[in-house]
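Asks: This is target.cif, which holds mmCIF, C-alpha atoms and all ligand atoms:
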data_data
#
loop_
_atom_site.label_atom_id
_atom_site.label_comp_id
_atom_site.auth_asym_id
_atom_site.auth_seq_id
_atom_site.Cartn_x
_atom_site.Cartn_y
_atom_site.Cartn_z
CA THR A 1 98.66 121.38 99.50
CA THR A 2 99.27 120.16 103.00
CA GLY A 3 98.94 116.45 103.54
CA LEU A 4 101.10 113.36 103.52
CA TYR A 5 104.17 113.65 101.29
CA ILE A 6 105.95 110.46 100.26
CA VAL A 7 109.56 111.42 99.67
CA PRO A 8 112.07 109.08 98.01
CA THR A 9 115.72 109.35 99.10
CA PRO A 10 118.93 108.22 97.32
CA ILE A 11 119.80 104.50 97.06
CA GLY A 12 123.51 105.31 97.34
CA ASN A 13 124.46 108.47 95.52
CA LEU A 14 123.40 111.57 97.46
CA GLU A 15 123.19 113.57 94.22
CA ASP A 16 120.06 111.61 93.38
CA MET A 17 118.12 113.60 95.96
CA THR A 18 115.82 115.96 94.06
CA TYR A 19 115.51 119.71 94.74
CA ARG A 20 111.87 119.18 95.44
CA ALA A 21 112.55 116.37 97.92
CA VAL A 22 114.91 118.64 99.89
CA ARG A 23 112.41 121.51 99.88
CA ILE A 24 109.48 119.33 100.98
CA LEU A 25 111.51 117.84 103.83
CA GLN A 26 112.56 121.33 104.93
CA GLU A 27 109.06 122.74 104.75
CA SER A 28 107.24 119.86 106.45
CA ASP A 29 106.18 120.14 110.10
CA LEU A 30 107.34 116.61 110.77
CA VAL A 31 109.28 113.91 108.96
CA ALA A 32 108.42 110.28 109.70
CA ALA A 33 111.43 108.05 109.06
CA GLU A 34 112.04 104.31 109.00
CA ASP A 35 115.30 104.82 110.93
CA THR A 36 115.79 108.30 112.36
CA ARG A 37 119.57 107.84 112.75
CA GLN A 38 119.92 106.93 109.08
CA THR A 39 117.77 109.88 108.03
CA MET A 40 119.77 112.19 110.29
CA LYS A 41 122.80 111.63 108.03
CA LEU A 42 120.77 112.78 105.04
CA PHE A 43 119.45 115.75 107.02
CA ASN A 44 122.96 116.80 108.00
CA HIS A 45 124.14 116.63 104.41
CA PHE A 46 121.26 118.75 103.09
CA LYS A 47 121.01 120.98 106.16
CA ILE A 48 117.46 119.94 106.95
CA GLU A 49 116.33 120.63 110.52
CA THR A 50 112.78 119.33 110.55
CA LYS A 51 111.71 117.29 113.55
CA LEU A 52 112.04 113.54 113.02
CA VAL A 53 109.79 110.80 114.37
CA SER A 54 110.09 107.10 113.72
CA TYR A 55 107.67 105.09 111.64
CA HIS A 56 108.67 101.49 110.97
CA GLU A 57 107.33 97.97 110.72
CA HIS A 58 107.20 97.48 114.50
CA ASN A 59 105.57 100.74 115.61
CA LYS A 60 103.48 101.51 112.56
CA GLN A 61 100.15 101.19 114.36
CA VAL A 62 100.87 103.54 117.22
CA SER A 63 103.04 105.89 115.19
CA GLY A 64 100.63 105.80 112.24
CA ALA A 65 97.66 106.76 114.43
CA ARG A 66 99.61 109.72 115.79
CA LEU A 67 100.64 110.84 112.32
CA LEU A 68 97.06 110.63 111.08
CA ALA A 69 95.89 112.76 114.01
CA ASP A 70 98.55 115.37 113.15
CA LEU A 71 97.51 115.28 109.49
CA HIS A 72 93.88 115.86 110.51
CA ALA A 73 95.08 118.80 112.58
CA GLY A 74 96.41 120.33 109.35
CA LYS A 75 100.09 119.48 109.67
CA GLN A 76 102.27 118.69 106.68
CA ILE A 77 104.05 115.38 107.16
CA ALA A 78 106.70 113.79 104.97
CA LEU A 79 107.49 110.09 105.03
CA VAL A 80 110.92 108.70 104.11
CA SER A 81 112.48 105.25 104.30
CA ASP A 82 116.17 104.36 104.62
CA ALA A 83 116.68 104.40 100.86
CA GLY A 84 114.63 104.74 97.73
CA MET A 85 110.88 104.89 97.43
CA PRO A 86 108.87 104.43 100.64
CA GLY A 87 106.19 101.75 100.29
CA ILE A 88 108.31 99.63 97.92
CA SER A 89 109.60 96.77 100.11
CA ASP A 90 109.71 99.48 102.77
CA PRO A 91 107.21 100.87 105.29
CA GLY A 92 104.64 103.32 103.99
CA SER A 93 101.83 101.52 102.21
CA ASP A 94 99.70 101.12 105.37
CA LEU A 95 99.92 104.80 106.19
CA ILE A 96 99.13 105.73 102.59
CA ARG A 97 96.07 103.49 102.59
CA GLU A 98 94.83 104.92 105.87
CA ALA A 99 95.40 108.52 104.74
CA ILE A 100 93.46 107.87 101.53
CA ALA A 101 90.62 106.27 103.50
CA GLU A 102 90.48 109.36 105.71
CA ASP A 103 90.50 111.80 102.78
CA ILE A 104 93.93 113.18 103.57
CA PRO A 105 95.81 114.28 100.43
CA VAL A 106 98.73 111.96 99.58
CA ILE A 107 101.41 113.53 97.41
CA VAL A 108 104.12 111.21 96.09
CA LEU A 109 107.39 112.63 94.81
CA PRO A 110 109.15 110.65 92.08
CA GLY A 111 112.72 109.60 92.74
CA ALA A 112 115.33 106.91 93.29
CA ASN A 113 114.22 103.29 93.25
CA ALA A 114 116.48 100.25 92.91
CA ALA A 115 113.97 98.02 91.07
CA LEU A 116 113.29 100.29 88.11
CA THR A 117 116.91 101.40 87.83
CA ALA A 118 118.02 97.77 87.63
CA LEU A 119 115.25 96.79 85.21
CA VAL A 120 116.16 99.49 82.72
CA ALA A 121 119.88 98.66 82.99
CA SER A 122 119.28 94.91 82.64
CA GLY A 123 118.55 95.10 78.92
CA LEU A 124 115.72 92.61 79.51
CA ALA A 125 112.15 93.36 78.44
CA THR A 126 110.69 96.47 80.07
CA GLU A 127 107.30 96.46 78.28
CA ARG A 128 105.94 94.24 80.95
CA PHE A 129 107.40 93.26 84.31
CA LEU A 130 106.50 91.85 87.68
CA TYR A 131 107.98 93.36 90.81
CA TYR A 132 108.29 90.69 93.47
CA GLY A 133 110.59 92.28 96.02
CA PHE A 134 112.04 89.85 98.58
CA LEU A 135 111.21 86.16 98.22
CA PRO A 136 110.41 84.24 101.42
CA ARG A 137 113.54 83.11 103.28
CA LYS A 138 112.42 79.55 103.95
CA LYS A 139 113.25 77.07 101.25
CA LYS A 140 109.80 75.56 100.77
CA GLU A 141 108.01 78.91 100.80
CA ARG A 142 110.52 80.38 98.39
CA ARG A 143 109.90 77.57 95.91
CA GLU A 144 106.16 77.97 96.24
CA ALA A 145 106.50 81.70 95.67
CA LEU A 146 108.59 81.09 92.55
CA GLU A 147 106.00 78.59 91.28
CA THR A 148 103.42 81.37 91.27
CA VAL A 149 105.51 83.44 88.81
CA ARG A 150 106.84 80.56 86.75
CA TYR A 151 104.74 81.35 83.67
CA GLU A 152 104.84 85.11 83.99
CA LYS A 153 105.87 86.52 80.60
CA GLY A 154 107.15 89.83 81.86
CA SER A 155 110.61 90.34 83.38
CA LEU A 156 110.78 89.45 87.09
CA ILE A 157 112.30 91.82 89.64
CA PHE A 158 113.61 90.57 92.98
CA TYR A 159 115.51 92.12 95.88
CA GLU A 160 117.92 89.91 97.79
CA ALA A 161 120.39 90.18 100.65
CA PRO A 162 124.01 89.33 99.69
CA HIS A 163 124.27 86.38 102.08
CA ARG A 164 121.18 84.75 100.58
CA LEU A 165 121.97 85.44 96.93
CA LYS A 166 123.57 82.10 96.11
CA GLU A 167 120.74 80.10 97.65
CA MET A 168 118.20 82.28 95.88
CA LEU A 169 119.90 81.80 92.49
CA GLY A 170 119.85 78.04 93.07
CA ALA A 171 116.11 78.18 93.69
CA LEU A 172 115.64 80.30 90.55
CA ARG A 173 117.39 77.69 88.46
CA ASP A 174 115.43 74.81 90.02
CA VAL A 175 112.00 76.37 89.61
CA LEU A 176 112.28 78.77 86.65
CA GLY A 177 115.05 77.04 84.69
CA ASP A 178 118.32 78.40 83.39
CA ARG A 179 117.05 81.74 82.14
CA GLN A 180 118.91 84.91 81.29
CA LEU A 181 119.27 87.34 84.16
CA THR A 182 121.03 90.47 85.33
CA LEU A 183 122.43 91.02 88.80
CA ALA A 184 122.51 94.76 89.47
CA ARG A 185 124.96 95.37 92.27
CA GLU A 186 125.54 98.53 94.34
CA LEU A 187 123.49 100.77 92.06
CA THR A 188 124.60 104.42 91.96
CA LYS A 189 127.53 103.63 94.30
CA ARG A 190 131.27 103.41 93.76
CA TYR A 191 131.26 99.68 93.00
CA GLU A 192 128.20 99.65 90.77
CA GLU A 193 128.33 96.56 88.61
CA TYR A 194 126.13 94.46 86.34
CA ILE A 195 126.53 90.72 85.99
CA ARG A 196 124.65 89.58 82.91
CA GLY A 197 124.22 86.00 81.72
CA SER A 198 122.39 82.78 82.58
CA VAL A 199 121.40 81.76 86.10
CA THR A 200 124.19 79.15 85.96
CA GLU A 201 126.75 81.81 85.09
CA ALA A 202 125.47 84.00 87.90
CA LEU A 203 125.81 81.03 90.28
CA GLU A 204 129.42 80.60 89.22
CA TRP A 205 129.99 84.30 89.83
CA ALA A 206 128.39 83.97 93.28
CA GLU A 207 130.82 81.20 94.27
CA GLU A 208 133.16 83.82 95.67
CA GLU A 209 132.13 85.96 98.60
CA VAL A 210 129.15 88.09 97.66
CA ARG A 211 128.96 91.64 99.01
CA GLY A 212 126.82 94.69 98.47
CA GLU A 213 123.20 95.30 97.61
CA PHE A 214 121.52 93.44 94.78
CA VAL A 215 118.56 93.55 92.50
CA VAL A 216 117.98 90.41 90.44
CA ILE A 217 116.21 90.80 87.10
CA VAL A 218 115.11 87.56 85.44
CA GLU A 219 113.87 87.06 81.91
CA GLY A 220 110.14 86.28 81.72
CA SER A 221 108.75 82.87 80.76
CA THR A 222 108.86 81.80 77.12
CA GLU A 223 106.69 78.78 77.96
CA GLU A 224 102.92 78.80 78.00
CA ARG A 225 101.20 77.71 81.18
CA PRO A 226 100.16 74.06 80.65
CA ALA A 227 96.41 73.56 80.17
CA GLU A 228 95.98 71.61 83.40
CA GLU A 229 97.68 74.36 85.42
CA GLU A 230 95.48 76.89 83.64
CA GLN A 231 92.39 75.07 84.91
CA LYS A 232 93.70 74.89 88.45
CA ALA A 233 94.31 78.62 88.40
CA ASP A 234 90.91 79.49 86.91
CA PRO A 235 88.74 80.86 89.75
CA LEU A 236 85.51 79.65 88.11
CA GLN A 237 86.82 76.12 87.85
CA GLN A 238 88.06 76.35 91.42
CA ILE A 239 84.54 77.21 92.56
CA GLU A 240 83.12 74.34 90.49
CA ARG A 241 85.56 71.88 92.04
CA TYR A 242 84.74 73.24 95.46
CA ILE A 243 81.02 72.69 94.90
CA GLU A 244 81.57 69.20 93.45
CA GLN A 245 83.61 68.18 96.47
CA GLY A 246 80.90 69.61 98.69
CA GLU A 247 83.51 71.02 101.07
N1 LIG B 301 112.49 101.23 98.90
C1 LIG B 301 113.71 100.80 98.25
C2 LIG B 301 113.62 101.11 96.76
O1 LIG B 301 112.80 101.94 96.37
O2 LIG B 301 114.38 100.56 95.97
C3 LIG B 301 114.01 99.33 98.54
C4 LIG B 301 114.22 99.03 99.99
S1 LIG B 301 114.55 97.36 100.35
C5 LIG B 301 114.39 97.30 102.09
C6 LIG B 301 116.28 97.22 100.18
C7 LIG B 301 116.71 96.34 99.00
O3 LIG B 301 116.67 97.11 97.80
C8 LIG B 301 118.13 95.82 99.07
O4 LIG B 301 118.19 94.61 99.81
C9 LIG B 301 118.48 95.59 97.62
O5 LIG B 301 117.93 94.39 97.16
C10 LIG B 301 117.73 96.76 96.96
N2 LIG B 301 118.62 97.92 96.84
C11 LIG B 301 118.54 99.09 97.53
N3 LIG B 301 119.53 99.92 97.16
C12 LIG B 301 120.25 99.26 96.22
C13 LIG B 301 121.42 99.58 95.45
N4 LIG B 301 122.03 100.75 95.60
N5 LIG B 301 121.88 98.66 94.57
C14 LIG B 301 121.27 97.48 94.43
N6 LIG B 301 120.18 97.13 95.13
C15 LIG B 301 119.67 98.00 96.01
#
As a first step, turn the structure in this file into structure tokens.
Ligand code: SAM

Replies:
Amino acid sequence: TTGLYIVPTPIGNLEDMTYRAVRILQESDLVAAEDTRQTMKLFNHFKIETKLVSYHEHNKQVSGARLLADLHAGKQIALVSDAGMPGISDPGSDLIREAIAEDIPVIVLPGANAALTALVASGLATERFLYYGFLPRKKKERREALETVRYEKGSLIFYEAPHRLKEMLGALRDVLGDRQLTLARELTKRYEEYIRGSVTEALEWAEEEVRGEFVVIVEGSTEERPAEEEQKADPLQQIERYIEQGE
């Protein structure tokens, strides 16, 4: 099938590239990449010579329109991000949505992803989980975001930059309480490491300089949502209140 191929790339260890991913990148007419210089390193390693174009957050409208035109013209296009699965806290979902809307086949290859790797390694519940990605950077917005997942029973998955980790762990403790968590650091790389314990213990660990890439997996809520909160969150009741207030 020709169409739009979504191709995951390694999150550290180049051996995690799949045979199929290499072949699809080689065979495609064009590869759209989040950062062409980054992808060039991967191409050099796997001897891929396909033409690269950039597709990122800041050019996605113009670049996306061009890619869609090429897809309509029958070209095979592959999309990669800097690391892991495109579309997961990475560019890609807009293009995928547009391709689907325009009846262009979208073929996703399975592959490396930091969130799922960390979740499985965490030892926390995997039956049910909520992927959050990056929390907002601003304090107030971060707290509000955490409030929305406070009663989630499944494990919570967050991405965080090393220089914000300590602040983020503080917010976790304030809003979610001192739950169990796992910090998954530098997955698949030389200094891969798991820090398992309570949020407080993780905060103590983060006292020293924090480096590397992190996924934070937090135990789900063991508390039930209080009845009053339940009502506030109920859309029917929200509509009723809205009508009562005559707003
Ligand atoms: N699309 C990627 C994926 O599928 O995992 C995620 C891209 S997102 C922009 C980058 C974030 O993913 C990092 O800030 C970090 O939280 C997490 N991450 C990526 N690679 C990682 C690794 N090797 N170890 C730990 N976390 C990683």

Asks: Ala206 in chain A: which residues within 9 Å, counting all atoms listed in the file, same-chain residues fewer than 6 positions away excluded, as a PyMOL selection string?

Replies: chain A and resi 165-166+169

Asks: Please produce, as JSON lines, a per-residue contact table for chain A versus ligand LIG 301 (chain B) (criterion: any atom at most 7 Å away, all atoms listed in the file considered), showing the nearest atom pair and its distance in Å to one decimal, sorted by chain then residue number.

Replies:
{"residue": "A:Ile11", "atom": "CA", "partner": "B:LIG301", "partner_atom": "N3", "distance": 4.6}
{"residue": "A:Gly12", "atom": "CA", "partner": "B:LIG301", "partner_atom": "N4", "distance": 5.1}
{"residue": "A:Ser81", "atom": "CA", "partner": "B:LIG301", "partner_atom": "N1", "distance": 6.7}
{"residue": "A:Ala83", "atom": "CA", "partner": "B:LIG301", "partner_atom": "C1", "distance": 5.3}
{"residue": "A:Gly84", "atom": "CA", "partner": "B:LIG301", "partner_atom": "O1", "distance": 3.6}
{"residue": "A:Met85", "atom": "CA", "partner": "B:LIG301", "partner_atom": "O1", "distance": 3.7}
{"residue": "A:Pro86", "atom": "CA", "partner": "B:LIG301", "partner_atom": "N1", "distance": 5.1}
{"residue": "A:Gly87", "atom": "CA", "partner": "B:LIG301", "partner_atom": "N1", "distance": 6.5}
{"residue": "A:Ile88", "atom": "CA", "partner": "B:LIG301", "partner_atom": "N1", "distance": 4.6}
{"residue": "A:Ser89", "atom": "CA", "partner": "B:LIG301", "partner_atom": "S1", "distance": 5.0}
{"residue": "A:Asp90", "atom": "CA", "partner": "B:LIG301", "partner_atom": "N1", "distance": 5.1}
{"residue": "A:Ala112", "atom": "CA", "partner": "B:LIG301", "partner_atom": "O1", "distance": 6.4}
{"residue": "A:Asn113", "atom": "CA", "partner": "B:LIG301", "partner_atom": "O1", "distance": 3.7}
{"residue": "A:Ala114", "atom": "CA", "partner": "B:LIG301", "partner_atom": "O2", "distance": 3.7}
{"residue": "A:Ala115", "atom": "CA", "partner": "B:LIG301", "partner_atom": "O2", "distance": 5.5}
{"residue": "A:Tyr159", "atom": "CA", "partner": "B:LIG301", "partner_atom": "O5", "distance": 3.6}
{"residue": "A:Glu160", "atom": "CA", "partner": "B:LIG301", "partner_atom": "O5", "distance": 4.5}
{"residue": "A:Ala161", "atom": "CA", "partner": "B:LIG301", "partner_atom": "O4", "distance": 5.0}
{"residue": "A:Ala184", "atom": "CA", "partner": "B:LIG301", "partner_atom": "C14", "distance": 5.8}
{"residue": "A:Arg185", "atom": "CA", "partner": "B:LIG301", "partner_atom": "C14", "distance": 4.8}
{"residue": "A:Glu186", "atom": "CA", "partner": "B:LIG301", "partner_atom": "N5", "distance": 3.7}
{"residue": "A:Leu187", "atom": "CA", "partner": "B:LIG301", "partner_atom": "N5", "distance": 3.7}
{"residue": "A:Thr188", "atom": "CA", "partner": "B:LIG301", "partner_atom": "N4", "distance": 5.8}
{"residue": "A:Lys189", "atom": "CA", "partner": "B:LIG301", "partner_atom": "N4", "distance": 6.3}
{"residue": "A:Glu213", "atom": "CA", "partner": "B:LIG301", "partner_atom": "C14", "distance": 4.3}
{"residue": "A:Phe214", "atom": "CA", "partner": "B:LIG301", "partner_atom": "N6", "distance": 3.9}
{"residue": "A:Val215", "atom": "CA", "partner": "B:LIG301", "partner_atom": "N6", "distance": 4.7}

Asks: Could you pull the residues within 10 Å of Glu152 in chain A, counting only C-alpha atoms, minus those fewer than 4 positions along the same chain, as a PyMOL selection string?

Replies: chain A and resi 128-130+147-148+156+219-225

Asks: Restricting the calculation to all atoms listed in the file, which member of A:Ala227, A:His163, A:Val175, A:Arg190 is positioned closest to Glu208 in chain A?

Replies: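 Comparing A:Ala227, A:His163, A:Val175, A:Arg190 against Glu208 in chain A, the winner is A:His163.
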
Asks: Find the residue from A:Ser198, A:Lys60, A:Lys47, A:Ile217 that sits nearest to Thr126 in chain A; use only C-alpha atoms when measuring.

Replies: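 Ranking A:Ser198, A:Lys60, A:Lys47, A:Ile217 by distance to Thr126 in chain A, first place goes to A:Ile217.
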
Asks: If you measure from CA of Met168 in chain A to CA of Tyr191 in chain A, what distance in Å do you get, rounded to one decimal?

Replies: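 Taking CA of Met168 in chain A as the start and CA of Tyr191 in chain A as the end point, the length is 21.9 Å.
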
Asks: Using CA of His56 in chain A and CA of Asp35 in chain A as the two end points, give the distance in Å to one decimal.

Replies: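 It comes out at 7.4 Å.
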
Asks: I want to know what sits within 7 Å of Lys75 in chain A, based on all atoms listed in the file, with residues of the same chain fewer than 6 positions away left out; could you give that as JSON, numbers by chain?

Replies: {"A": [2, 3, 29]}

Asks: Select, from A:Val31, A:Ala78, A:Met17, A:Ala73, the residue with the minimum atom-to-atom distance to Ile107 in chain A, counting only C-alpha atoms.

Replies: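 Looking at the shortest contact to Ile107 in chain A, the residue is A:Ala78.
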
Asks: How many Å lie between CA of Val108 in chain A and CA of Gln26 in chain A, rounded to one decimal?

Replies: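 Straight-line distance from CA of Val108 in chain A to CA of Gln26 in chain A works out to 15.9 Å.
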
Asks: Measuring between only C-alpha atoms, which one of A:Leu172, A:Ala101, A:Val149, A:Leu25 shows the shortest distance to Leu68 in chain A?

Replies: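 For Leu68 in chain A, the nearest of the given residues is A:Ala101.
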
Asks: Skip Val80 in chain A itself and residues of its chain fewer than 5 positions away, then list as a ChimeraX atom specification all residues within 7 Å of it, counting all atoms listed in the file.

Replies: /A:6-9,32-34,86

Asks: Writing N, CA and C atoms and nothing else, produce range 156-182 of chain A as a compact mmCIF listing (two decimals), in the first residue's frame.

Replies:
# COMPACT_ATOMS: atom_id res chain seq x y z
N LEU A 156 -0.59 6.58 36.24
CA LEU A 156 -0.45 7.83 35.49
C LEU A 156 0.94 7.89 34.86
N ILE A 157 0.99 8.29 33.60
CA ILE A 157 2.27 8.37 32.90
C ILE A 157 2.55 9.81 32.48
N PHE A 158 3.70 10.33 32.95
CA PHE A 158 4.10 11.69 32.59
C PHE A 158 5.48 11.69 31.96
N TYR A 159 5.70 12.65 31.07
CA TYR A 159 7.05 12.96 30.59
C TYR A 159 7.49 14.23 31.30
N GLU A 160 8.77 14.36 31.59
CA GLU A 160 9.25 15.61 32.18
C GLU A 160 10.71 15.87 31.83
N ALA A 161 11.02 17.15 31.65
CA ALA A 161 12.40 17.56 31.38
C ALA A 161 13.18 17.51 32.70
N PRO A 162 14.48 17.16 32.65
CA PRO A 162 15.26 17.00 33.89
C PRO A 162 15.26 18.24 34.78
N HIS A 163 15.33 19.43 34.17
CA HIS A 163 15.41 20.64 35.00
C HIS A 163 14.08 21.03 35.64
N ARG A 164 13.01 20.35 35.25
CA ARG A 164 11.72 20.63 35.88
C ARG A 164 11.26 19.50 36.79
N LEU A 165 12.05 18.44 36.86
CA LEU A 165 11.61 17.23 37.56
C LEU A 165 11.28 17.48 39.04
N LYS A 166 12.17 18.20 39.71
CA LYS A 166 12.00 18.40 41.14
C LYS A 166 10.70 19.16 41.43
N GLU A 167 10.50 20.23 40.65
CA GLU A 167 9.30 21.04 40.82
C GLU A 167 8.05 20.20 40.54
N MET A 168 8.15 19.37 39.52
CA MET A 168 7.01 18.53 39.14
C MET A 168 6.70 17.52 40.23
N LEU A 169 7.73 16.93 40.84
CA LEU A 169 7.52 15.95 41.91
C LEU A 169 6.87 16.64 43.12
N GLY A 170 7.28 17.87 43.38
CA GLY A 170 6.67 18.64 44.46
C GLY A 170 5.17 18.83 44.23
N ALA A 171 4.83 19.16 43.00
CA ALA A 171 3.41 19.35 42.65
C ALA A 171 2.65 18.02 42.76
N LEU A 172 3.29 16.93 42.37
CA LEU A 172 2.65 15.61 42.49
C LEU A 172 2.30 15.33 43.95
N ARG A 173 3.26 15.61 44.82
CA ARG A 173 3.02 15.33 46.24
C ARG A 173 1.91 16.22 46.79
N ASP A 174 1.93 17.50 46.41
CA ASP A 174 0.90 18.42 46.90
C ASP A 174 -0.50 18.02 46.44
N VAL A 175 -0.64 17.66 45.18
CA VAL A 175 -1.99 17.45 44.65
C VAL A 175 -2.44 15.98 44.77
N LEU A 176 -1.54 15.05 44.48
CA LEU A 176 -1.94 13.64 44.46
C LEU A 176 -1.63 12.92 45.78
N GLY A 177 -0.77 13.50 46.59
CA GLY A 177 -0.37 12.85 47.84
C GLY A 177 0.89 12.03 47.64
N ASP A 178 1.36 11.44 48.74
CA ASP A 178 2.65 10.75 48.70
C ASP A 178 2.50 9.31 48.17
N ARG A 179 2.22 9.21 46.91
CA ARG A 179 1.98 7.88 46.32
C ARG A 179 3.29 7.18 45.95
N GLN A 180 3.15 5.92 45.57
CA GLN A 180 4.29 5.19 45.02
C GLN A 180 4.52 5.64 43.58
N LEU A 181 5.75 5.67 43.17
CA LEU A 181 6.04 6.04 41.79
C LEU A 181 7.34 5.40 41.31
N THR A 182 7.53 5.44 40.02
CA THR A 182 8.80 5.00 39.43
C THR A 182 9.30 6.10 38.49
